[in-house]
>>> print(open('final16.cif').read())   # mmCIF, C-alpha atoms and all ligand atoms
data_final
#
loop_
_atom_site.label_atom_id
_atom_site.label_comp_id
_atom_site.auth_asym_id
_atom_site.auth_seq_id
_atom_site.Cartn_x
_atom_site.Cartn_y
_atom_site.Cartn_z
CA MET X 1 70.37 107.19 -26.53
CA ASN X 2 71.20 107.94 -30.12
CA ILE X 3 68.30 109.84 -31.64
CA ASN X 4 68.68 109.21 -35.37
CA PHE X 5 66.30 110.20 -38.11
CA HIS X 6 64.44 106.92 -37.91
CA LYS X 7 63.80 107.56 -34.18
CA ILE X 8 62.65 111.11 -34.92
CA ASN X 9 60.08 109.76 -37.37
CA GLU X 10 58.80 107.43 -34.69
CA LEU X 11 58.58 110.33 -32.20
CA GLU X 12 56.81 112.46 -34.81
CA ARG X 13 54.11 109.82 -35.24
CA LYS X 14 53.47 109.81 -31.48
CA PHE X 15 54.05 113.40 -30.45
CA GLY X 16 53.72 115.63 -33.52
CA THR X 17 56.10 117.63 -35.69
CA SER X 18 57.55 119.70 -32.85
CA PHE X 19 58.29 118.77 -29.26
CA TYR X 20 60.66 119.38 -26.36
CA LEU X 21 62.92 116.66 -25.04
CA LEU X 22 63.97 116.67 -21.37
CA ASP X 23 67.17 114.76 -20.57
CA VAL X 24 66.51 113.51 -17.04
CA ASN X 25 70.01 112.09 -16.51
CA LYS X 26 71.56 115.44 -17.36
CA LEU X 27 69.25 117.10 -14.85
CA ARG X 28 70.41 114.68 -12.14
CA LEU X 29 74.00 115.33 -13.08
CA ASN X 30 73.53 119.11 -12.75
CA TYR X 31 71.98 118.64 -9.32
CA GLN X 32 74.83 116.40 -8.18
CA LYS X 33 77.52 118.72 -9.53
CA ILE X 34 76.07 121.77 -7.76
CA ASN X 35 75.33 119.86 -4.58
CA ASN X 36 78.77 118.22 -4.41
CA ALA X 37 80.62 121.47 -5.06
CA PHE X 38 78.94 123.20 -2.10
CA LYS X 39 78.28 120.32 0.27
CA ASN X 40 81.90 119.14 0.15
CA ARG X 41 82.88 122.55 1.47
CA TYR X 42 79.94 123.36 3.74
CA THR X 43 77.83 120.50 5.07
CA ASN X 44 74.66 122.41 5.93
CA PHE X 45 73.88 123.16 2.34
CA ILE X 46 70.45 123.25 0.67
CA ILE X 47 69.47 123.68 -2.95
CA GLY X 48 66.18 125.55 -3.39
CA TYR X 49 65.28 124.95 -7.03
CA SER X 50 63.84 128.11 -8.59
CA TYR X 51 60.44 126.97 -9.90
CA LYS X 52 59.80 129.93 -12.15
CA THR X 53 62.72 128.98 -14.40
CA ASN X 54 60.88 125.83 -15.46
CA TYR X 55 57.97 124.50 -13.46
CA LEU X 56 57.23 121.43 -15.51
CA PRO X 57 55.67 119.27 -12.76
CA TYR X 58 57.67 116.18 -13.71
CA LEU X 59 60.91 118.15 -13.45
CA CYS X 60 59.94 119.74 -10.12
CA LYS X 61 59.09 116.31 -8.73
CA GLU X 62 62.46 114.96 -9.84
CA MET X 63 64.18 117.92 -8.13
CA SER X 64 62.32 117.12 -4.94
CA ARG X 65 63.25 113.41 -5.16
CA LEU X 66 66.88 114.42 -5.48
CA GLY X 67 66.60 116.45 -2.27
CA ALA X 68 66.06 120.00 -3.50
CA TYR X 69 63.70 122.38 -1.74
CA ALA X 70 61.15 124.25 -3.86
CA GLU X 71 61.84 127.98 -4.24
CA VAL X 72 58.54 129.57 -5.25
CA VAL X 73 57.47 133.15 -5.91
CA SER X 74 53.70 132.89 -6.18
CA ARG X 75 50.77 131.02 -4.72
CA LEU X 76 50.44 129.16 -8.01
CA GLU X 77 53.96 127.79 -7.66
CA TYR X 78 53.44 127.14 -3.95
CA ASP X 79 50.31 125.11 -4.63
CA LEU X 80 52.07 123.21 -7.41
CA ALA X 81 54.81 122.21 -4.96
CA LEU X 82 52.16 120.93 -2.53
CA LYS X 83 50.32 119.15 -5.34
CA ILE X 84 53.39 117.16 -6.34
CA GLY X 85 53.97 116.19 -2.72
CA VAL X 86 56.74 118.53 -1.58
CA ASP X 87 56.93 118.72 2.23
CA PRO X 88 55.71 122.29 3.00
CA ARG X 89 58.69 122.71 5.35
CA LYS X 90 60.84 122.35 2.22
CA ILE X 91 59.17 125.19 0.34
CA ILE X 92 60.83 128.60 0.30
CA PHE X 93 58.21 131.28 -0.39
CA ASN X 94 59.91 134.35 -1.92
CA GLY X 95 58.68 137.04 -4.27
CA PRO X 96 57.43 140.62 -4.15
CA LEU X 97 53.72 139.82 -4.12
CA LYS X 98 52.11 137.72 -1.44
CA THR X 99 48.55 138.03 -0.18
CA SER X 100 47.62 137.77 3.49
CA ASP X 101 46.19 134.34 2.70
CA ASP X 102 49.50 133.27 1.07
CA ILE X 103 51.42 134.28 4.18
CA GLU X 104 48.90 132.69 6.52
CA THR X 105 48.96 129.40 4.61
CA ALA X 106 52.75 129.29 4.38
CA LEU X 107 53.25 130.13 8.06
CA GLU X 108 50.62 127.64 9.16
CA LYS X 109 52.43 124.91 7.23
CA ASP X 110 55.87 125.97 8.52
CA SER X 111 57.23 126.85 5.07
CA ILE X 112 60.20 129.17 4.82
CA VAL X 113 58.87 132.67 4.16
CA ASN X 114 61.17 135.49 3.09
CA ILE X 115 59.40 138.83 3.17
CA ASP X 116 60.29 141.20 0.35
CA SER X 117 58.47 144.39 1.39
CA LEU X 118 57.21 146.10 4.53
CA TYR X 119 53.50 145.46 3.76
CA GLU X 120 54.06 141.78 4.53
CA ILE X 121 54.77 142.63 8.17
CA ASP X 122 51.09 143.57 8.61
CA TYR X 123 50.05 140.11 7.41
CA ILE X 124 52.57 138.45 9.70
CA THR X 125 51.36 140.54 12.61
CA THR X 126 47.73 139.54 12.02
CA PHE X 127 48.72 135.89 11.77
CA CYS X 128 50.76 136.06 14.98
CA ILE X 129 47.99 137.75 16.92
CA ASN X 130 45.47 135.15 15.74
CA ASN X 131 47.86 132.26 16.46
CA HIS X 132 49.59 133.40 19.62
CA GLU X 133 50.39 129.83 20.70
CA LYS X 134 52.43 129.21 17.52
CA GLN X 135 56.14 130.03 17.26
CA VAL X 136 56.54 131.72 13.87
CA LYS X 137 59.80 131.89 11.93
CA VAL X 138 60.40 134.39 9.13
CA GLY X 139 63.21 135.51 6.87
CA ILE X 140 63.85 138.88 5.27
CA ARG X 141 65.07 139.55 1.73
CA VAL X 142 67.57 142.34 2.11
CA ASN X 143 68.55 144.99 -0.38
CA PHE X 144 72.03 146.48 -0.30
CA ASP X 145 74.60 147.78 -2.74
CA ILE X 146 76.67 145.00 -4.33
CA SER X 147 78.35 147.15 -6.97
CA ASN X 148 81.77 147.59 -5.29
CA ASP X 149 81.91 150.85 -7.26
CA GLU X 150 81.32 149.10 -10.61
CA ARG X 151 78.41 150.81 -12.35
CA GLY X 152 75.30 148.96 -13.52
CA ILE X 153 76.31 145.40 -12.69
CA LEU X 154 72.68 144.31 -12.44
CA GLN X 155 70.98 142.83 -15.47
CA GLU X 156 69.88 145.40 -18.09
CA GLY X 157 72.37 147.82 -16.47
CA PHE X 158 70.09 148.80 -13.57
CA GLU X 159 71.88 150.81 -10.87
CA ILE X 160 69.74 149.55 -7.98
CA SER X 161 67.64 146.48 -7.42
CA ARG X 162 63.93 146.96 -6.70
CA PHE X 163 63.68 143.86 -4.52
CA GLY X 164 63.97 143.31 -0.80
CA ILE X 165 64.06 145.66 2.17
CA CYS X 166 66.64 148.41 1.98
CA VAL X 167 69.40 148.46 4.58
CA SER X 168 70.87 151.89 3.84
CA ASN X 169 67.67 153.93 4.37
CA GLY X 170 66.80 152.28 7.68
CA ASN X 171 63.88 150.19 6.41
CA PHE X 172 65.61 146.94 7.28
CA GLN X 173 66.23 148.13 10.85
CA TYR X 174 62.57 149.18 11.02
CA ALA X 175 61.41 145.75 9.78
CA VAL X 176 63.56 143.99 12.35
CA ASN X 177 62.20 146.22 15.13
CA GLU X 178 58.58 145.66 14.07
CA LEU X 179 58.98 141.89 13.89
CA LYS X 180 60.78 141.78 17.22
CA LYS X 181 57.77 143.48 18.86
CA LEU X 182 55.82 140.27 18.22
CA ASP X 183 56.36 137.77 21.04
CA ASN X 184 55.92 134.68 18.92
CA VAL X 185 58.09 135.67 15.92
CA LYS X 186 61.71 134.82 15.36
CA ILE X 187 63.70 136.20 12.43
CA VAL X 188 65.72 133.19 11.39
CA GLY X 189 67.13 133.95 7.98
CA LEU X 190 68.32 136.53 5.50
CA HIS X 191 67.91 136.30 1.76
CA GLY X 192 69.84 138.21 -0.89
CA HIS X 193 69.21 137.40 -4.55
CA PHE X 194 70.71 139.76 -7.15
CA SER X 195 70.41 139.19 -10.91
CA THR X 196 73.70 140.42 -12.33
CA SER X 197 74.77 140.36 -15.96
CA GLU X 198 78.24 138.91 -15.38
CA ARG X 199 77.41 136.45 -12.57
CA LYS X 200 80.90 136.97 -11.14
CA VAL X 201 82.28 134.81 -8.34
CA LYS X 202 83.38 137.98 -6.55
CA THR X 203 79.75 139.20 -6.41
CA TYR X 204 78.76 136.04 -4.52
CA GLY X 205 81.53 136.77 -2.06
CA THR X 206 80.11 140.26 -1.52
CA ILE X 207 76.55 138.96 -1.08
CA THR X 208 77.52 136.18 1.33
CA LYS X 209 79.72 138.42 3.45
CA LYS X 210 77.12 141.14 3.73
CA LEU X 211 74.33 138.68 4.64
CA CYS X 212 76.52 137.09 7.32
CA GLU X 213 77.43 140.47 8.79
CA LEU X 214 73.79 141.61 8.85
CA ALA X 215 72.71 138.31 10.38
CA LYS X 216 75.27 138.61 13.18
CA GLN X 217 74.38 142.24 13.83
CA TYR X 218 70.58 142.04 13.66
CA ILE X 219 69.44 138.51 14.39
CA GLY X 220 72.35 137.01 16.29
CA ASP X 221 71.89 133.49 17.59
CA SER X 222 68.48 133.09 15.95
CA VAL X 223 70.06 132.72 12.52
CA GLU X 224 69.15 129.41 10.90
CA TYR X 225 69.90 130.16 7.26
CA ILE X 226 71.71 132.44 4.87
CA ASP X 227 70.06 132.35 1.45
CA ILE X 228 72.27 133.78 -1.31
CA GLY X 229 69.65 133.40 -4.07
CA GLY X 230 70.41 132.10 -7.54
CA GLY X 231 72.00 133.51 -10.65
CA ILE X 232 75.15 131.43 -10.99
CA TYR X 233 76.42 130.20 -14.34
CA GLY X 234 75.91 126.57 -15.30
CA GLU X 235 77.30 124.87 -18.36
CA VAL X 236 77.34 127.48 -21.14
CA PRO X 237 77.30 126.45 -24.84
CA SER X 238 80.82 126.63 -26.31
CA SER X 239 79.42 128.60 -29.28
CA PHE X 240 78.79 131.54 -26.89
CA ASN X 241 82.58 131.95 -26.50
CA LEU X 242 82.33 132.92 -22.84
CA GLN X 243 84.84 132.13 -20.12
CA THR X 244 82.63 131.33 -17.14
CA PRO X 245 83.25 130.17 -13.57
CA ASN X 246 82.30 126.62 -12.65
CA PHE X 247 80.35 125.41 -9.59
CA ASP X 248 83.55 124.79 -7.61
CA ASP X 249 84.65 128.40 -8.16
CA TYR X 250 81.40 129.75 -6.68
CA ALA X 251 81.38 127.18 -3.87
CA GLU X 252 84.97 127.93 -2.88
CA GLU X 253 84.26 131.66 -2.51
CA VAL X 254 80.92 131.34 -0.71
CA CYS X 255 81.74 128.42 1.59
CA TYR X 256 85.04 129.91 2.68
CA ILE X 257 83.13 132.98 3.93
CA MET X 258 80.38 130.92 5.56
CA ASN X 259 82.92 128.75 7.36
CA SER X 260 84.93 131.67 8.64
CA GLU X 261 81.96 133.88 9.59
CA PHE X 262 80.36 131.10 11.62
CA SER X 263 83.50 129.34 12.86
CA HIS X 264 82.46 130.07 16.46
CA LYS X 265 79.11 128.27 16.12
CA ASP X 266 78.56 124.59 16.97
CA LYS X 267 75.61 124.37 14.66
CA ARG X 268 76.28 126.47 11.61
CA PRO X 269 73.35 128.01 9.75
CA TYR X 270 72.18 126.47 6.52
CA LEU X 271 73.48 127.93 3.32
CA ILE X 272 70.73 128.07 0.69
CA LEU X 273 71.40 128.47 -3.04
CA GLU X 274 68.50 128.97 -5.46
CA PRO X 275 69.72 127.86 -8.88
CA GLY X 276 67.44 128.17 -11.88
CA ILE X 277 69.20 128.55 -15.23
CA SER X 278 72.28 126.64 -14.09
CA MET X 279 70.09 123.65 -13.19
CA VAL X 280 67.82 123.39 -16.20
CA ALA X 281 69.02 125.38 -19.23
CA ASN X 282 71.06 122.56 -20.77
CA VAL X 283 68.60 119.76 -20.07
CA PHE X 284 65.99 120.63 -22.70
CA SER X 285 66.14 120.48 -26.51
CA PHE X 286 63.49 121.57 -28.97
CA PHE X 287 62.82 119.50 -32.10
CA ALA X 288 60.96 121.04 -35.05
CA LYS X 289 60.29 119.79 -38.55
CA VAL X 290 61.36 121.76 -41.61
CA ILE X 291 58.32 122.75 -43.66
CA GLU X 292 60.13 124.51 -46.51
CA ALA X 293 63.35 126.31 -47.41
CA LYS X 294 62.60 129.30 -49.60
CA LYS X 295 64.62 132.05 -51.23
CA ILE X 296 63.53 135.69 -51.13
CA GLN X 297 65.73 137.99 -53.19
CA ASP X 298 69.19 136.69 -52.27
CA GLN X 299 68.34 135.29 -48.81
CA TYR X 300 67.31 131.82 -47.66
CA PHE X 301 64.55 131.29 -45.08
CA VAL X 302 63.95 127.89 -43.52
CA LEU X 303 60.42 127.68 -42.13
CA ILE X 304 60.00 125.19 -39.29
CA ASP X 305 57.11 124.05 -37.11
CA GLY X 306 58.22 126.16 -34.18
CA SER X 307 58.56 129.77 -33.16
CA VAL X 308 61.11 131.97 -31.43
CA HIS X 309 58.73 131.78 -28.45
CA ASN X 310 59.53 128.09 -28.09
CA ILE X 311 63.25 128.58 -27.70
CA LYS X 312 63.98 132.15 -26.60
CA PRO X 313 60.91 134.11 -25.55
CA THR X 314 63.11 137.10 -24.71
CA MET X 315 63.92 137.18 -28.47
CA HIS X 316 67.62 137.84 -27.98
CA LYS X 317 69.64 137.66 -31.17
CA LYS X 318 72.25 135.09 -30.15
CA ASN X 319 71.95 131.79 -32.02
CA LEU X 320 71.48 128.83 -29.70
CA PRO X 321 73.47 125.65 -30.32
CA MET X 322 71.60 123.68 -32.98
CA LYS X 323 71.95 120.83 -35.42
CA VAL X 324 70.06 119.62 -38.47
CA MET X 325 68.96 116.00 -38.76
CA ARG X 326 68.60 115.20 -42.45
CA GLU X 327 66.13 112.92 -44.09
CA ARG X 328 68.39 112.40 -47.08
CA SER X 329 72.13 112.09 -47.05
CA GLU X 330 72.96 113.84 -50.38
CA THR X 331 75.02 116.99 -50.03
CA GLN X 332 73.03 120.21 -50.21
CA LYS X 333 73.98 123.74 -51.24
CA TYR X 334 76.30 125.41 -48.68
CA VAL X 335 74.74 128.80 -47.92
CA SER X 336 73.90 131.26 -45.17
CA TYR X 337 70.28 130.86 -44.03
CA ASN X 338 67.81 132.08 -41.41
CA ILE X 339 65.45 129.81 -39.49
CA VAL X 340 62.00 131.33 -39.11
CA GLY X 341 58.82 130.40 -37.27
CA TYR X 342 55.12 129.83 -37.88
CA THR X 343 53.83 133.09 -36.38
CA CYS X 344 52.96 136.10 -38.51
CA MET X 345 55.52 138.33 -36.82
CA GLU X 346 58.40 139.54 -39.00
CA LYS X 347 60.73 139.12 -36.03
CA ASP X 348 60.00 135.42 -35.54
CA TYR X 349 63.57 134.24 -36.20
CA LEU X 350 64.82 131.18 -34.35
CA ALA X 351 68.33 131.63 -35.81
CA TYR X 352 70.09 134.20 -37.97
CA GLY X 353 72.74 133.71 -40.68
CA VAL X 354 73.46 130.04 -40.06
CA GLU X 355 76.31 128.85 -42.30
CA GLY X 356 75.95 125.33 -43.66
CA GLU X 357 74.13 123.02 -46.01
CA LEU X 358 70.61 124.27 -46.58
CA PRO X 359 68.04 122.11 -44.71
CA ASN X 360 65.33 120.49 -46.79
CA LYS X 361 61.63 119.90 -46.33
CA ASN X 362 61.08 117.06 -43.76
CA ASP X 363 64.50 117.49 -42.11
CA TYR X 364 64.48 118.33 -38.40
CA VAL X 365 66.20 121.22 -36.63
CA ILE X 366 67.15 120.59 -33.00
CA PHE X 367 67.91 123.51 -30.69
CA ASP X 368 69.76 122.81 -27.45
CA ASN X 369 69.95 124.73 -24.20
CA VAL X 370 66.28 125.69 -24.15
CA GLY X 371 65.35 124.64 -20.59
CA ALA X 372 65.22 128.04 -18.88
CA TYR X 373 62.35 130.53 -19.19
CA THR X 374 60.92 128.78 -22.27
CA ILE X 375 58.01 126.56 -21.35
CA VAL X 376 57.02 128.92 -18.51
CA PHE X 377 57.18 131.99 -20.71
CA ASN X 378 55.87 130.44 -23.89
CA PRO X 379 52.67 132.29 -24.70
CA PRO X 380 49.94 130.19 -26.22
CA PHE X 381 50.11 132.29 -29.39
CA ILE X 382 48.53 131.21 -32.69
CA LYS X 383 49.24 127.51 -32.13
CA GLU X 384 48.81 125.05 -29.28
CA ARG X 385 51.82 124.40 -27.07
CA PRO X 386 53.79 121.33 -28.19
CA SER X 387 54.29 118.16 -26.21
CA ILE X 388 57.20 117.57 -23.85
CA ILE X 389 58.82 114.17 -23.70
CA ALA X 390 61.48 112.93 -21.32
CA LEU X 391 64.44 110.67 -21.89
CA ASP X 392 65.57 108.69 -18.86
CA ASP X 393 68.29 106.12 -19.55
CA LYS X 394 66.82 104.36 -22.58
CA GLU X 395 63.17 105.16 -22.01
CA ILE X 396 61.28 107.98 -23.71
CA PHE X 397 57.91 108.96 -22.26
CA LEU X 398 55.40 111.80 -22.32
CA VAL X 399 55.46 114.40 -19.52
CA ARG X 400 53.15 116.99 -21.11
CA LYS X 401 50.70 116.32 -23.91
CA LYS X 402 50.37 118.60 -26.88
CA GLU X 403 47.57 121.08 -26.19
CA SER X 404 44.27 120.64 -27.97
CA LEU X 405 41.61 123.21 -28.86
CA THR X 406 39.60 122.42 -25.71
CA GLU X 407 42.63 122.94 -23.46
CA PHE X 408 43.78 126.05 -25.30
CA PHE X 409 40.29 127.58 -25.10
CA ASN X 410 39.34 126.10 -21.74
CA GLU X 411 35.56 125.84 -21.61
CA ASN X 412 35.56 126.69 -17.91
CA LEU X 413 37.17 130.05 -18.71
CA TYR X 414 35.91 131.28 -22.06
CA VAL X 415 32.47 132.26 -23.26
CA PHE X 416 31.65 130.77 -26.68
CA ASN X 417 27.99 131.59 -26.93
CA ASN X 418 27.03 135.27 -27.06
CA GLU X 419 23.43 134.59 -26.05
CA PHE X 420 24.10 132.79 -22.80
CA GLU X 421 21.83 133.72 -19.92
CA GLY X 422 24.25 134.62 -17.20
CA LYS X 423 25.74 137.45 -19.26
CA PHE X 424 24.92 140.23 -16.79
CA VAL X 425 26.68 139.06 -13.64
C1 LIG X 501 64.65 135.05 -5.84
C2 LIG X 501 65.25 134.32 -6.98
N1 LIG X 501 65.92 133.17 -6.73
C3 LIG X 501 66.48 132.47 -7.74
C4 LIG X 501 66.42 132.89 -9.05
C5 LIG X 501 67.05 132.04 -10.12
O1 LIG X 501 68.03 132.73 -10.83
P1 LIG X 501 68.85 132.00 -11.99
O2 LIG X 501 67.86 131.34 -12.88
O3 LIG X 501 69.60 133.08 -12.67
O4 LIG X 501 69.73 130.99 -11.30
C6 LIG X 501 65.74 134.09 -9.36
C7 LIG X 501 65.67 134.59 -10.73
O5 LIG X 501 65.37 135.71 -11.03
C8 LIG X 501 65.14 134.82 -8.28
O6 LIG X 501 64.47 135.95 -8.51
#
>>> encode(input="final16.cif", output="structure tokens")
Amino acid sequence: MNINFHKINELERKFGTSFYLLDVNKLRLNYQKINNAFKNRYTNFIIGYSYKTNYLPYLCKEMSRLGAYAEVVSRLEYDLALKIGVDPRKIIFNGPLKTSDDIETALEKDSIVNIDSLYEIDYITTFCINNHEKQVKVGIRVNFDISNDERGILQEGFEISRFGICVSNGNFQYAVNELKKLDNVKIVGLHGHFSTSERKVKTYGTITKKLCELAKQYIGDSVEYIDIGGGIYGEVPSSFNLQTPNFDDYAEEVCYIMNSEFSHKDKRPYLILEPGISMVANVFSFFAKVIEAKKIQDQYFVLIDGSVHNIKPTMHKKNLPMKVMRERSETQKYVSYNIVGYTCMEKDYLAYGVEGELPNKNDYVIFDNVGAYTIVFNPPFIKERPSIIALDDKEIFLVRKKESLTEFFNENLYVFNNEFEGKFV
């Protein structure tokens, strides 16, 4: 659909002067591209969509309809998956913090549980003792060195990852031994997610190979899945000037190893990939109205009805791909300008040093590639969160309303009256 200025005005009347737009067809296309790349090379392939990247319920439901499992890292995300009707056997429960009740619930419902730390073994033990008639399956997130002698390949330059159970110090062996003591537990999978800064194909080769070797050595014929986590590149904006691998490049490397490591098996284990950014980053845009363009000393500042929190909560300094939709067609001054937000923070810049015709009051700025870690990380700060609308073929419809005062300050949570009786609880 062509969203021209006339259409934007119509959307503004319905949804306000800033909103996100989800392109549902693009989301489906991302799913199909990832799925085809891997499934054509390794049939037993599963996508576990990483909820935390963007857990808009409508989007999660669409992922599930397409066939993706739900990869969750908290009870909140787990319960959301159940609420939107995901089969609990298609929920992968990861993450460093799980309560005994989380583990009990997930095991009862036959979800896939990957333990991240040794404390979780106690919860599994209690569950197994209390449910001795039930066959329980668990997976272990493993921690090993993936650096191949390159220093600091993890994000932010970290030397070691803090997640999972360490192989080199014997903790993994200990975990396996403890779990094997329980009659009704089978270790059926290994998980290895590593957030690296370069997302290299070679790294996925290292992770897959190591997980396969550990699976053969420690869990043998019980292995039902190898979960290589997420972290692959998707479509990256051309303005970033990055040469990145595509889905086929990753699939070729990983599936070749899976096929050769398990060539002797009639039923090969499932390969699980947990994409987040690569699935959703390019499927959201953020629209915000220009309130004013002002000059301070020799610099131009374009104030819009949005904030850096709406488009890049990590506040990195790279400009996202953007365009200006103009109310009037006359040519404007060609300058360098900054786009700034409604908060009172000096650092609330949505874009720096943009070269082009200066936007005018009532124009719209549209930022692309804002689907990952935005709406989940967007603090309700100073203003209500904007609405989210979805575009599917030619239809546009609401998938999250703009927040109102009563939702922002939820009356079930906040105290408004200082004299209320139940003060001393
Ligand atoms: C366990 C796990 N799986 C999947 C992902 C998704 O990673 P990405 O969004 O980089 O694909 C993450 C992100 O940190 C993660 O921690």
>>> residues_near_ligand(input="final16.cif", ligand="ligand LIG 501 (chain X)", cutoff="9 Å", atoms="only C-alpha atoms and all ligand atoms", output="MDAnalysis selection string")
chainID X and resid 48:53 71:73 94:95 141 163 191:196 199 228:234 273:281 372:373
>>> atom_distance(input="final16.cif", atom1="CA of Asp122 in chain X", atom2="CA of Asn169 in chain X")
20.0 Å
>>> closest_residue(input="final16.cif", among="X:Thr406, X:Thr343, X:Asn114, X:Ser168", to="Leu214 in chain X", atoms="only C-alpha atoms")
X:Ser168
>>> residues_around(input="final16.cif", residues="range 320-326 of chain X", least_positions_apart="4", cutoff="6 Å", atoms="only C-alpha atoms", output="number ranges by chain")
X: 363-368
>>> atom_distance(input="final16.cif", atom1="CA of Ala175 in chain X", atom2="CA of Ile92 in chain X")
19.6 Å
>>> closest_residue(input="final16.cif", among="X:Asn30, X:Asn54, X:Ser285, X:Asn241", to="Leu391 in chain X", atoms="all atoms listed in the file")
X:Ser285
>>> residues_around(input="final16.cif", residues="Tyr31 in chain X", least_positions_apart="5", cutoff="9 Å", atoms="all atoms listed in the file", output="JSON list (two decimals) with C-alpha atoms, in the frame of the given file")
[["chain", "number", "residue", "atom", "x", "y", "z"],
["X", 26, "LYS", "CA", 71.56, 115.44, -17.36],
["X", 36, "ASN", "CA", 78.77, 118.22, -4.41],
["X", 47, "ILE", "CA", 69.47, 123.68, -2.95],
["X", 63, "MET", "CA", 64.18, 117.92, -8.13],
["X", 66, "LEU", "CA", 66.88, 114.42, -5.48],
["X", 68, "ALA", "CA", 66.06, 120.00, -3.50],
["X", 279, "MET", "CA", 70.09, 123.65, -13.19]]
>>> atom_distance(input="final16.cif", atom1="CA of Glu357 in chain X", atom2="CA of Ser336 in chain X")
8.3 Å
>>> axis_aligned_box(input="final16.cif", around="range 268-276 of chain X", padding_each_side="4 Å", output="AutoDock Vina command-line options")
--center_x 71.9 --center_y 127.7 --center_z -0.1 --size_x 16.8 --size_y 10.5 --size_z 31.5
>>> decode(input="final16.cif", residues="range 206-221 of chain X", atoms="N, CA and C atoms", output="PDB file, in the first residue's frame")
ATOM      1  N   THR X 206      30.983 -23.177  14.799  1.00  0.00           N
ATOM      2  CA  THR X 206      31.624 -23.569  16.070  1.00  0.00           C
ATOM      3  C   THR X 206      30.567 -24.011  17.090  1.00  0.00           C
ATOM      4  N   ILE X 207      29.494 -23.224  17.205  1.00  0.00           N
ATOM      5  CA  ILE X 207      28.464 -23.532  18.205  1.00  0.00           C
ATOM      6  C   ILE X 207      27.800 -24.882  17.876  1.00  0.00           C
ATOM      7  N   THR X 208      27.424 -25.049  16.609  1.00  0.00           N
ATOM      8  CA  THR X 208      26.714 -26.280  16.230  1.00  0.00           C
ATOM      9  C   THR X 208      27.595 -27.503  16.469  1.00  0.00           C
ATOM     10  N   LYS X 209      28.847 -27.387  16.041  1.00  0.00           N
ATOM     11  CA  LYS X 209      29.756 -28.542  16.171  1.00  0.00           C
ATOM     12  C   LYS X 209      29.925 -28.928  17.632  1.00  0.00           C
ATOM     13  N   LYS X 210      30.151 -27.905  18.457  1.00  0.00           N
ATOM     14  CA  LYS X 210      30.397 -28.188  19.873  1.00  0.00           C
ATOM     15  C   LYS X 210      29.153 -28.808  20.529  1.00  0.00           C
ATOM     16  N   LEU X 211      27.972 -28.270  20.206  1.00  0.00           N
ATOM     17  CA  LEU X 211      26.743 -28.828  20.793  1.00  0.00           C
ATOM     18  C   LEU X 211      26.541 -30.278  20.355  1.00  0.00           C
ATOM     19  N   CYS X 212      26.835 -30.556  19.090  1.00  0.00           N
ATOM     20  CA  CYS X 212      26.674 -31.941  18.602  1.00  0.00           C
ATOM     21  C   CYS X 212      27.653 -32.874  19.316  1.00  0.00           C
ATOM     22  N   GLU X 213      28.879 -32.418  19.459  1.00  0.00           N
ATOM     23  CA  GLU X 213      29.887 -33.268  20.124  1.00  0.00           C
ATOM     24  C   GLU X 213      29.487 -33.548  21.573  1.00  0.00           C
ATOM     25  N   LEU X 214      29.046 -32.485  22.278  1.00  0.00           N
ATOM     26  CA  LEU X 214      28.652 -32.660  23.678  1.00  0.00           C
ATOM     27  C   LEU X 214      27.442 -33.581  23.773  1.00  0.00           C
ATOM     28  N   ALA X 215      26.509 -33.412  22.843  1.00  0.00           N
ATOM     29  CA  ALA X 215      25.304 -34.255  22.864  1.00  0.00           C
ATOM     30  C   ALA X 215      25.699 -35.716  22.700  1.00  0.00           C
ATOM     31  N   LYS X 216      26.577 -35.983  21.740  1.00  0.00           N
ATOM     32  CA  LYS X 216      26.971 -37.386  21.510  1.00  0.00           C
ATOM     33  C   LYS X 216      27.681 -37.949  22.734  1.00  0.00           C
ATOM     34  N   GLN X 217      28.550 -37.120  23.322  1.00  0.00           N
ATOM     35  CA  GLN X 217      29.350 -37.603  24.451  1.00  0.00           C
ATOM     36  C   GLN X 217      28.529 -37.769  25.727  1.00  0.00           C
ATOM     37  N   TYR X 218      27.607 -36.841  25.995  1.00  0.00           N
ATOM     38  CA  TYR X 218      26.955 -36.845  27.312  1.00  0.00           C
ATOM     39  C   TYR X 218      25.526 -37.375  27.319  1.00  0.00           C
ATOM     40  N   ILE X 219      24.811 -37.199  26.187  1.00  0.00           N
ATOM     41  CA  ILE X 219      23.408 -37.656  26.271  1.00  0.00           C
ATOM     42  C   ILE X 219      23.067 -38.727  25.241  1.00  0.00           C
ATOM     43  N   GLY X 220      23.982 -38.973  24.352  1.00  0.00           N
ATOM     44  CA  GLY X 220      23.859 -40.107  23.426  1.00  0.00           C
ATOM     45  C   GLY X 220      22.532 -40.170  22.693  1.00  0.00           C
ATOM     46  N   ASP X 221      21.918 -41.359  22.743  1.00  0.00           N
ATOM     47  CA  ASP X 221      20.705 -41.593  21.951  1.00  0.00           C
ATOM     48  C   ASP X 221      19.485 -40.819  22.434  1.00  0.00           C
TER      49      ASP X 221
END
